[in-house]
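S.K.: Handing over data_0.pdb, PDB, C-alpha atoms.
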MODEL        1
ATOM      1  CA  MET A   4      21.369  25.203 -56.723
ATOM      2  CA  ASN A   5      19.069  28.050 -57.558
ATOM      3  CA  LYS A   6      18.937  29.929 -54.250
ATOM      4  CA  ILE A   7      21.512  30.973 -51.672
ATOM      5  CA  GLU A   8      19.293  29.417 -48.954
ATOM      6  CA  GLN A   9      20.208  26.010 -50.409
ATOM      7  CA  ALA A  10      23.909  26.570 -49.751
ATOM      8  CA  SER A  11      23.938  25.702 -46.023
ATOM      9  CA  ASN A  12      26.800  23.444 -44.919
ATOM     10  CA  LEU A  13      28.942  24.215 -47.972
ATOM     11  CA  LYS A  14      32.606  24.957 -47.371
ATOM     12  CA  VAL A  15      33.388  28.207 -49.182
ATOM     13  CA  LYS A  16      36.066  30.814 -49.659
ATOM     14  CA  ILE A  17      34.551  34.306 -49.821
ATOM     15  CA  THR A  18      36.456  37.285 -51.199
ATOM     16  CA  THR A  19      35.091  40.745 -50.372
ATOM     17  CA  LEU A  20      35.353  43.899 -52.459
ATOM     18  CA  LEU A  21      38.342  44.879 -50.290
ATOM     19  CA  ASP A  22      40.088  41.611 -51.301
ATOM     20  CA  GLN A  23      39.764  40.121 -47.810
ATOM     21  CA  THR A  24      39.259  36.372 -47.904
ATOM     22  CA  THR A  25      37.396  34.259 -45.378
ATOM     23  CA  THR A  26      37.138  30.482 -45.474
ATOM     24  CA  GLY A  27      34.411  28.717 -43.588
ATOM     25  CA  THR A  28      31.197  26.744 -43.759
ATOM     26  CA  ILE A  29      27.961  28.518 -44.616
ATOM     27  CA  TYR A  30      25.935  28.209 -41.442
ATOM     28  CA  ALA A  31      22.894  30.265 -42.376
ATOM     29  CA  THR A  32      21.719  32.824 -44.873
ATOM     30  CA  ALA A  33      19.113  35.556 -44.864
ATOM     31  CA  SER A  34      18.481  36.768 -48.379
ATOM     32  CA  ASN A  35      15.973  39.385 -47.206
ATOM     33  CA  GLN A  36      18.700  40.847 -44.940
ATOM     34  CA  GLN A  37      21.460  40.140 -47.488
ATOM     35  CA  VAL A  38      23.626  38.391 -44.895
ATOM     36  CA  ILE A  39      25.595  35.145 -44.838
ATOM     37  CA  ALA A  40      26.666  33.614 -41.525
ATOM     38  CA  LEU A  41      29.885  31.612 -41.807
ATOM     39  CA  LYS A  42      31.138  29.150 -39.223
ATOM     40  CA  VAL A  43      34.897  29.720 -39.153
ATOM     41  CA  LYS A  44      37.613  27.944 -37.227
ATOM     42  CA  SER A  45      40.310  30.070 -35.601
ATOM     43  CA  THR A  46      43.789  29.133 -36.793
ATOM     44  CA  LYS A  47      45.345  30.042 -33.430
ATOM     45  CA  SER A  48      43.009  28.494 -30.869
ATOM     46  CA  GLY A  49      41.056  26.104 -33.074
ATOM     47  CA  GLU A  50      37.762  27.392 -31.647
ATOM     48  CA  GLN A  51      34.793  27.836 -33.920
ATOM     49  CA  SER A  52      33.111  31.205 -34.202
ATOM     50  CA  PHE A  53      30.729  32.934 -36.562
ATOM     51  CA  LYS A  54      31.389  35.670 -39.072
ATOM     52  CA  PHE A  55      28.568  37.655 -40.667
ATOM     53  CA  ILE A  56      29.131  39.005 -44.176
ATOM     54  CA  ASN A  57      26.907  41.438 -46.050
ATOM     55  CA  THR A  58      26.329  39.943 -49.498
ATOM     56  CA  ALA A  59      26.534  43.398 -51.101
ATOM     57  CA  PHE A  60      30.277  43.392 -50.340
ATOM     58  CA  ILE A  61      31.058  39.956 -51.776
ATOM     59  CA  LYS A  62      33.315  39.927 -54.809
ATOM     60  CA  SER A  63      33.455  36.160 -55.287
ATOM     61  CA  ILE A  64      32.474  32.883 -53.654
ATOM     62  CA  GLN A  65      34.430  29.713 -54.323
ATOM     63  CA  VAL A  66      32.996  26.360 -53.222
ATOM     64  CA  LEU A  67      35.702  24.175 -51.683
ATOM     65  CA  PRO A  68      35.840  20.395 -51.303
ATOM     66  CA  PRO A  69      34.100  18.374 -49.974
ATOM     67  CA  PHE A  70      31.414  19.140 -52.514
ATOM     68  CA  PRO A  71      27.707  18.745 -51.656
ATOM     69  CA  SER A  72      26.362  15.239 -51.297
ATOM     70  CA  LYS A  73      23.939  13.360 -49.082
ATOM     71  CA  LYS A  74      26.848  12.360 -46.818
ATOM     72  CA  ASN A  75      27.784  15.986 -46.131
ATOM     73  CA  GLY A  76      24.341  17.037 -44.992
ATOM     74  CA  PHE A  77      22.821  18.091 -48.308
ATOM     75  CA  ASN A  78      20.014  16.166 -49.874
ATOM     76  CA  ALA A  79      20.397  16.909 -53.580
ATOM     77  CA  SER A  80      17.129  15.270 -54.593
ATOM     78  CA  LYS A  81      15.033  17.460 -52.267
ATOM     79  CA  GLY A  82      17.290  20.532 -52.366
ATOM     80  CA  GLN A  83      16.997  20.924 -48.587
ATOM     81  CA  PRO A  84      19.868  21.111 -46.088
ATOM     82  CA  ILE A  85      19.810  18.865 -43.049
ATOM     83  CA  LEU A  86      19.421  21.041 -39.974
ATOM     84  CA  TYR A  87      21.832  20.652 -37.080
ATOM     85  CA  HIS A  88      21.745  21.788 -33.471
ATOM     86  CA  LEU A  89      22.419  25.523 -33.104
ATOM     87  CA  PRO A  90      24.915  26.271 -30.289
ATOM     88  CA  ILE A  91      23.075  29.345 -28.939
ATOM     89  CA  GLU A  92      25.516  29.833 -26.070
ATOM     90  CA  LYS A  93      28.533  30.015 -28.392
ATOM     91  CA  LEU A  94      26.675  32.320 -30.775
ATOM     92  CA  ASP A  95      25.665  34.584 -27.888
ATOM     93  CA  GLN A  96      29.258  34.679 -26.573
ATOM     94  CA  SER A  97      30.527  35.539 -30.050
ATOM     95  CA  LEU A  98      27.995  38.354 -30.406
ATOM     96  CA  GLN A  99      28.781  39.697 -26.919
ATOM     97  CA  ARG A 100      32.499  39.722 -27.757
ATOM     98  CA  ALA A 101      31.773  41.614 -30.975
ATOM     99  CA  LEU A 102      29.636  44.156 -29.085
ATOM    100  CA  GLU A 103      32.387  44.705 -26.515
ATOM    101  CA  GLU A 104      34.900  45.336 -29.297
ATOM    102  CA  SER A 105      32.516  47.768 -31.029
ATOM    103  CA  PRO A 106      33.786  51.349 -30.665
ATOM    104  CA  ASN A 107      30.407  53.075 -30.031
ATOM    105  CA  PRO A 108      27.613  50.705 -29.053
ATOM    106  CA  PRO A 109      24.160  52.314 -29.101
ATOM    107  CA  PRO A 110      22.768  53.398 -25.734
ATOM    108  CA  HIS A 111      20.910  50.558 -23.992
ATOM    109  CA  ASP A 112      17.900  52.717 -23.252
ATOM    110  CA  VAL A 113      17.319  53.672 -26.886
ATOM    111  CA  PRO A 114      14.429  51.664 -28.329
ATOM    112  CA  ARG A 115      15.434  49.519 -31.289
ATOM    113  CA  GLN A 116      13.259  51.392 -33.782
ATOM    114  CA  GLU A 117      14.826  54.698 -32.679
ATOM    115  CA  ARG A 118      18.434  53.711 -33.328
ATOM    116  CA  LYS A 119      18.709  55.926 -36.351
ATOM    117  CA  PRO A 120      21.902  57.941 -36.726
ATOM    118  CA  VAL A 121      20.534  61.442 -36.056
ATOM    119  CA  ALA A 122      18.117  60.396 -33.315
ATOM    120  CA  SER A 123      20.722  58.493 -31.353
ATOM    121  CA  LYS A 124      23.302  61.287 -31.816
ATOM    122  CA  VAL A 125      20.829  63.836 -30.437
ATOM    123  CA  PHE A 126      20.050  61.472 -27.550
ATOM    124  CA  ARG A 127      23.768  61.035 -26.743
ATOM    125  CA  HIS A 128      24.397  64.777 -26.942
ATOM    126  CA  LEU A 129      21.526  65.520 -24.559
ATOM    127  CA  ALA A 130      22.637  62.704 -22.239
ATOM    128  CA  ASP A 131      26.136  64.209 -22.151
ATOM    129  CA  ALA A 132      24.755  67.691 -21.472
ATOM    130  CA  PHE A 133      22.124  66.814 -18.833
ATOM    131  CA  GLY A 134      23.317  63.464 -17.463
ATOM    132  CA  LYS A 135      22.320  60.039 -18.676
ATOM    133  CA  SER A 136      19.833  59.518 -15.836
ATOM    134  CA  ASN A 137      17.976  62.722 -16.808
ATOM    135  CA  VAL A 138      17.431  61.811 -20.481
ATOM    136  CA  LYS A 139      15.178  58.979 -21.639
ATOM    137  CA  TRP A 140      13.044  57.797 -24.532
ATOM    138  CA  ASP A 141       9.253  57.902 -24.431
ATOM    139  CA  ASN A 142       8.092  56.157 -27.619
ATOM    140  CA  ASP A 143       9.413  58.482 -30.330
ATOM    141  CA  LYS A 144      10.225  61.452 -28.042
ATOM    142  CA  ILE A 145      13.306  62.260 -26.010
ATOM    143  CA  ILE A 146      12.349  63.437 -22.502
ATOM    144  CA  VAL A 147      14.796  65.666 -20.593
ATOM    145  CA  ASN A 148      14.466  66.114 -16.790
ATOM    146  CA  ASP A 149      10.843  64.872 -17.040
ATOM    147  CA  LYS A 150       9.972  68.437 -18.090
ATOM    148  CA  ILE A 151      10.941  68.881 -21.742
ATOM    149  CA  GLY A 152       9.931  66.752 -24.741
ATOM    150  CA  VAL A 153      11.959  66.696 -27.959
ATOM    151  CA  SER A 154      10.300  65.058 -30.966
ATOM    152  CA  ARG A 155      11.203  64.333 -34.563
ATOM    153  CA  PRO A 156      13.021  65.672 -36.505
ATOM    154  CA  PHE A 157      14.890  66.757 -33.318
ATOM    155  CA  THR A 158      15.398  70.333 -34.493
ATOM    156  CA  LEU A 159      14.411  73.697 -33.032
ATOM    157  CA  GLY A 160      11.158  73.777 -35.009
ATOM    158  CA  LYS A 161       7.978  75.246 -33.536
ATOM    159  CA  ASN A 162       6.565  72.023 -32.049
ATOM    160  CA  ASN A 163       9.710  69.903 -31.792
ATOM    161  CA  VAL A 164      10.956  71.103 -28.388
ATOM    162  CA  VAL A 165       8.084  71.592 -25.940
ATOM    163  CA  SER A 166       7.643  72.029 -22.218
ATOM    164  CA  LEU A 167       5.697  69.196 -20.590
ATOM    165  CA  VAL A 168       5.068  71.185 -17.388
ATOM    166  CA  SER A 169       4.152  74.843 -16.912
ATOM    167  CA  ASN A 170       7.178  76.055 -14.889
ATOM    168  CA  ALA A 171      10.021  74.774 -17.109
ATOM    169  CA  LYS A 172      11.062  77.899 -19.063
ATOM    170  CA  ASP A 173      14.641  77.645 -17.759
ATOM    171  CA  ASP A 174      14.917  73.984 -18.726
ATOM    172  CA  LEU A 175      13.352  74.686 -22.120
ATOM    173  CA  ASP A 176      15.991  77.336 -22.859
ATOM    174  CA  LYS A 177      18.818  74.986 -21.810
ATOM    175  CA  VAL A 178      17.526  72.108 -23.980
ATOM    176  CA  GLN A 179      17.069  74.433 -26.968
ATOM    177  CA  ALA A 180      20.629  75.698 -26.496
ATOM    178  CA  ALA A 181      21.947  72.114 -26.327
ATOM    179  CA  ILE A 182      20.087  71.153 -29.529
ATOM    180  CA  ARG A 183      21.326  74.309 -31.280
ATOM    181  CA  GLU A 184      24.884  73.389 -30.202
ATOM    182  CA  PHE A 185      24.398  69.829 -31.507
ATOM    183  CA  TRP A 186      23.278  70.983 -34.964
ATOM    184  CA  LEU A 187      26.065  73.585 -35.192
ATOM    185  CA  THR A 188      28.646  70.941 -34.252
ATOM    186  CA  LEU A 189      27.215  68.504 -36.791
ATOM    187  CA  ASP A 190      27.197  71.201 -39.485
ATOM    188  CA  ASN A 191      30.832  72.085 -38.720
ATOM    189  CA  GLU A 192      31.856  68.420 -38.893
ATOM    190  CA  LYS A 193      30.270  68.095 -42.333
ATOM    191  CA  LYS A 194      32.121  71.194 -43.514
ATOM    192  CA  GLY A 195      35.372  69.882 -42.037
ATOM    193  CA  GLY A 196      35.711  72.603 -39.402
TER     194      GLY A 196
ENDMDL
END
Reformat the file's structure so that it appears as structure tokens.
M.R.:
Amino acid sequence: MNKIEQASNLKVKITTLLDQTTTGTIYATASNQQVIALKVKSTKSGEQSFKFINTAFIKSIQVLPPFPSKKNGFNASKGQPILYHLPIEKLDQSLQRALEESPNPPPHDVPRQERKPVASKVFRHLADAFGKSNVKWDNDKIIVNDKIGVSRPFTLGKNNVVSLVSNAKDDLDKVQAAIREFWLTLDNEKKGG
């Protein structure tokens, strides 16, 4: 096998850099995303679930029996795996469970392309200060109270915090104060204070 994409349906034991081992069947790979999806069976309940492993953190991969053959879903002469039905419902349930267990899921109203660490932290800080219903995304801007626009790089620069309506001086001052507080808090966290 020359490519990781050819390894579907192989039973493997993967050891990470932290010496954690996972045994399962390679379900899918995405070399451009550097991810391997393993189908693992729970030892307690016997249910199958999926585990996603970043290939950058893999220390070793050991192929376990049964070894690849035509019988096991691998056509050695063509180098192509035989595709099986994908249980979307089980995969969706597994992903939902993982999201629920996640400590800080990103806000649902943050566009996918905007889920960068600083942008989403600024958004959360403003949502905490002004109420979640008063803060929203508009393309690449954060809009507060439908009166103030905050754009990249989300600092107090000349054109980063602007009033969208003429009578919003009070709101502008409050948003600028909240952004100043955010950056001071972030700076103190980095310094350990």
S.K.: Suppose you want the space between atom CA of A:Pro90 and atom CA of A:Ile64; what is it in Å?
M.R.: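 Atom-to-atom, atom CA of A:Pro90 and atom CA of A:Ile64 are spaced 25.4 Å apart.
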S.K.: Which residue, A:Asp173, A:Phe133, A:Val178, A:Lys93, has the smallest gap to A:Val153 when you use all atoms listed in the file?
M.R.: A:Val178
S.K.: Output the residue selection produced by the PyMOL selection byres ((chain A and resi 50-54) around 10) on the file above, formatted as a ChimeraX atom specification.
M.R.: /A:25,27-30,39-49,55-56,93-94,96-98
S.K.: What would the selection look like, as a PyMOL selection string, if the PyMOL selection byres ((chain A and resi 124-127) around 8) were run on the coordinates I just shared?
M.R.: chain A and resi 110+120-123+128-131+138+145+157+182+185
S.K.: Suppose you want the space between atom CA of A:Gln23 and atom CA of A:Asp95; what is it in Å?
M.R.: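 Answer for the atom CA of A:Gln23 to atom CA of A:Asp95 separation: 25.0 Å.
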S.K.: Residues picked by the PyMOL selection byres ((chain A and resi 139) around 10) here, as a list of chain:residue names?
M.R.: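 So the PyMOL selection byres ((chain A and resi 139) around 10) ends up selecting A:Asp112, A:Val113, A:Pro114, A:Phe126, A:Leu129, A:Ala130, A:Lys135, A:Ser136, A:Asn137, A:Val138, A:Trp140, A:Asp141, A:Asn142, A:Lys144, A:Ile145, A:Ile146, A:Val147, A:Asn148, A:Asp149, A:Gly152.
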S.K.: Grab the atom CA of A:Ser34 to atom CA of A:Leu13 distance for me, in Å with one decimal place.
M.R.: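 Distance between the two atoms: 16.3 Å.
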S.K.: Which of these, A:Glu192, A:Asp22, A:Glu92, A:Glu184, has the shortest distance to A:Ala132 once you count all atoms listed in the file?
M.R.: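 For A:Ala132, the nearest of the given residues is A:Glu184.
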S.K.: Need to verify the contact set: A:Ser63, 7 Å, all atoms listed in the file, exclusion of same-chain residues closer than 3 positions in sequence. Can you return it as a list in words?
M.R.: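 Final neighbour list, sorted by chain and number: Ile17, Thr18 and Thr19 of chain A.
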S.K.: Could you extract stretch 83-192 of chain A of the given structure into a file holding C-alpha atoms, as a CSV table (one decimal), in the first residue's frame?
M.R.:
chain,number,residue,atom,x,y,z
A,83,GLN,CA,-9.4,0.0,-4.0
A,84,PRO,CA,-11.4,-0.7,-0.9
A,85,ILE,CA,-15.0,-2.0,-1.2
A,86,LEU,CA,-17.4,0.7,0.0
A,87,TYR,CA,-20.0,-0.2,2.5
A,88,HIS,CA,-23.2,1.6,3.7
A,89,LEU,CA,-22.4,4.6,5.9
A,90,PRO,CA,-24.7,4.6,9.0
A,91,ILE,CA,-25.3,8.4,9.0
A,92,GLU,CA,-27.7,8.3,11.9
A,93,LYS,CA,-25.1,6.6,14.2
A,94,LEU,CA,-22.4,8.9,13.0
A,95,ASP,CA,-24.6,12.0,13.7
A,96,GLN,CA,-25.5,10.6,17.2
A,97,SER,CA,-21.9,10.1,18.0
A,98,LEU,CA,-21.0,13.6,16.8
A,99,GLN,CA,-23.9,15.1,18.8
A,100,ARG,CA,-22.7,13.3,21.9
A,101,ALA,CA,-19.2,14.6,21.4
A,102,LEU,CA,-20.5,18.2,21.0
A,103,GLU,CA,-22.6,17.9,24.2
A,104,GLU,CA,-19.5,16.7,26.1
A,105,SER,CA,-17.4,19.6,24.7
A,106,PRO,CA,-16.6,22.1,27.4
A,107,ASN,CA,-17.1,25.3,25.2
A,108,PRO,CA,-18.9,24.8,22.0
A,109,PRO,CA,-18.8,27.7,19.6
A,110,PRO,CA,-21.8,30.0,19.5
A,111,HIS,CA,-24.5,28.7,17.0
A,112,ASP,CA,-24.8,32.1,15.5
A,113,VAL,CA,-21.2,32.5,14.6
A,114,PRO,CA,-20.6,31.8,10.9
A,115,ARG,CA,-18.3,28.9,10.3
A,116,GLN,CA,-15.6,31.0,8.6
A,117,GLU,CA,-15.6,33.4,11.6
A,118,ARG,CA,-14.9,30.7,14.3
A,119,LYS,CA,-11.4,31.9,14.8
A,120,PRO,CA,-10.1,32.1,18.4
A,121,VAL,CA,-10.0,35.9,18.8
A,122,ALA,CA,-13.1,36.6,16.8
A,123,SER,CA,-15.3,34.2,18.7
A,124,LYS,CA,-13.8,35.3,22.1
A,125,VAL,CA,-14.7,39.0,21.3
A,126,PHE,CA,-18.1,37.8,20.2
A,127,ARG,CA,-18.7,35.9,23.4
A,128,HIS,CA,-17.4,38.8,25.5
A,129,LEU,CA,-19.8,41.3,23.8
A,130,ALA,CA,-22.6,38.8,24.1
A,131,ASP,CA,-22.0,38.5,27.8
A,132,ALA,CA,-21.8,42.3,28.2
A,133,PHE,CA,-24.8,43.3,26.0
A,134,GLY,CA,-27.0,40.1,26.0
A,135,LYS,CA,-26.8,37.4,23.4
A,136,SER,CA,-29.9,38.6,21.6
A,137,ASN,CA,-28.3,42.1,21.1
A,138,VAL,CA,-25.1,40.8,19.5
A,139,LYS,CA,-24.9,39.1,16.0
A,140,TRP,CA,-22.7,38.5,13.0
A,141,ASP,CA,-23.1,40.4,9.8
A,142,ASN,CA,-20.6,38.7,7.3
A,143,ASP,CA,-17.3,39.6,8.9
A,144,LYS,CA,-18.6,42.3,11.4
A,145,ILE,CA,-20.0,41.9,14.9
A,146,ILE,CA,-23.2,44.1,15.2
A,147,VAL,CA,-24.1,45.3,18.7
A,148,ASN,CA,-27.7,46.6,19.4
A,149,ASP,CA,-28.1,47.1,15.6
A,150,LYS,CA,-26.2,50.4,16.2
A,151,ILE,CA,-22.5,49.6,16.4
A,152,GLY,CA,-20.3,47.6,14.0
A,153,VAL,CA,-17.1,46.0,15.1
A,154,SER,CA,-14.8,44.7,12.4
A,155,ARG,CA,-11.5,43.0,12.1
A,156,PRO,CA,-9.1,42.9,13.9
A,157,PHE,CA,-11.7,43.6,16.6
A,158,THR,CA,-9.5,46.2,18.4
A,159,LEU,CA,-10.1,49.9,19.2
A,160,GLY,CA,-8.5,51.1,16.0
A,161,LYS,CA,-9.8,54.1,14.1
A,162,ASN,CA,-12.2,52.3,11.8
A,163,ASN,CA,-12.7,49.0,13.7
A,164,VAL,CA,-15.6,50.2,16.0
A,165,VAL,CA,-18.0,52.4,14.2
A,166,SER,CA,-21.5,53.8,14.8
A,167,LEU,CA,-24.0,52.5,12.2
A,168,VAL,CA,-26.6,55.2,13.1
A,169,SER,CA,-26.2,58.9,14.0
A,170,ASN,CA,-27.5,58.9,17.6
A,171,ALA,CA,-25.4,56.1,19.1
A,172,LYS,CA,-22.6,57.9,20.9
A,173,ASP,CA,-23.6,56.3,24.2
A,174,ASP,CA,-23.7,52.8,22.7
A,175,LEU,CA,-20.4,53.5,20.9
A,176,ASP,CA,-18.7,54.4,24.2
A,177,LYS,CA,-20.1,51.3,26.0
A,178,VAL,CA,-18.9,48.9,23.2
A,179,GLN,CA,-15.4,50.5,23.1
A,180,ALA,CA,-15.2,50.1,26.9
A,181,ALA,CA,-16.2,46.4,26.6
A,182,ILE,CA,-13.6,45.8,23.9
A,183,ARG,CA,-10.9,47.6,25.9
A,184,GLU,CA,-11.9,45.4,28.9
A,185,PHE,CA,-11.7,42.3,26.7
A,186,TRP,CA,-8.1,43.1,25.5
A,187,LEU,CA,-7.0,44.0,29.0
A,188,THR,CA,-8.3,40.7,30.4
A,189,LEU,CA,-6.7,38.8,27.5
A,190,ASP,CA,-3.4,40.6,28.1
A,191,ASN,CA,-3.5,39.8,31.9
A,192,GLU,CA,-4.3,36.1,31.2
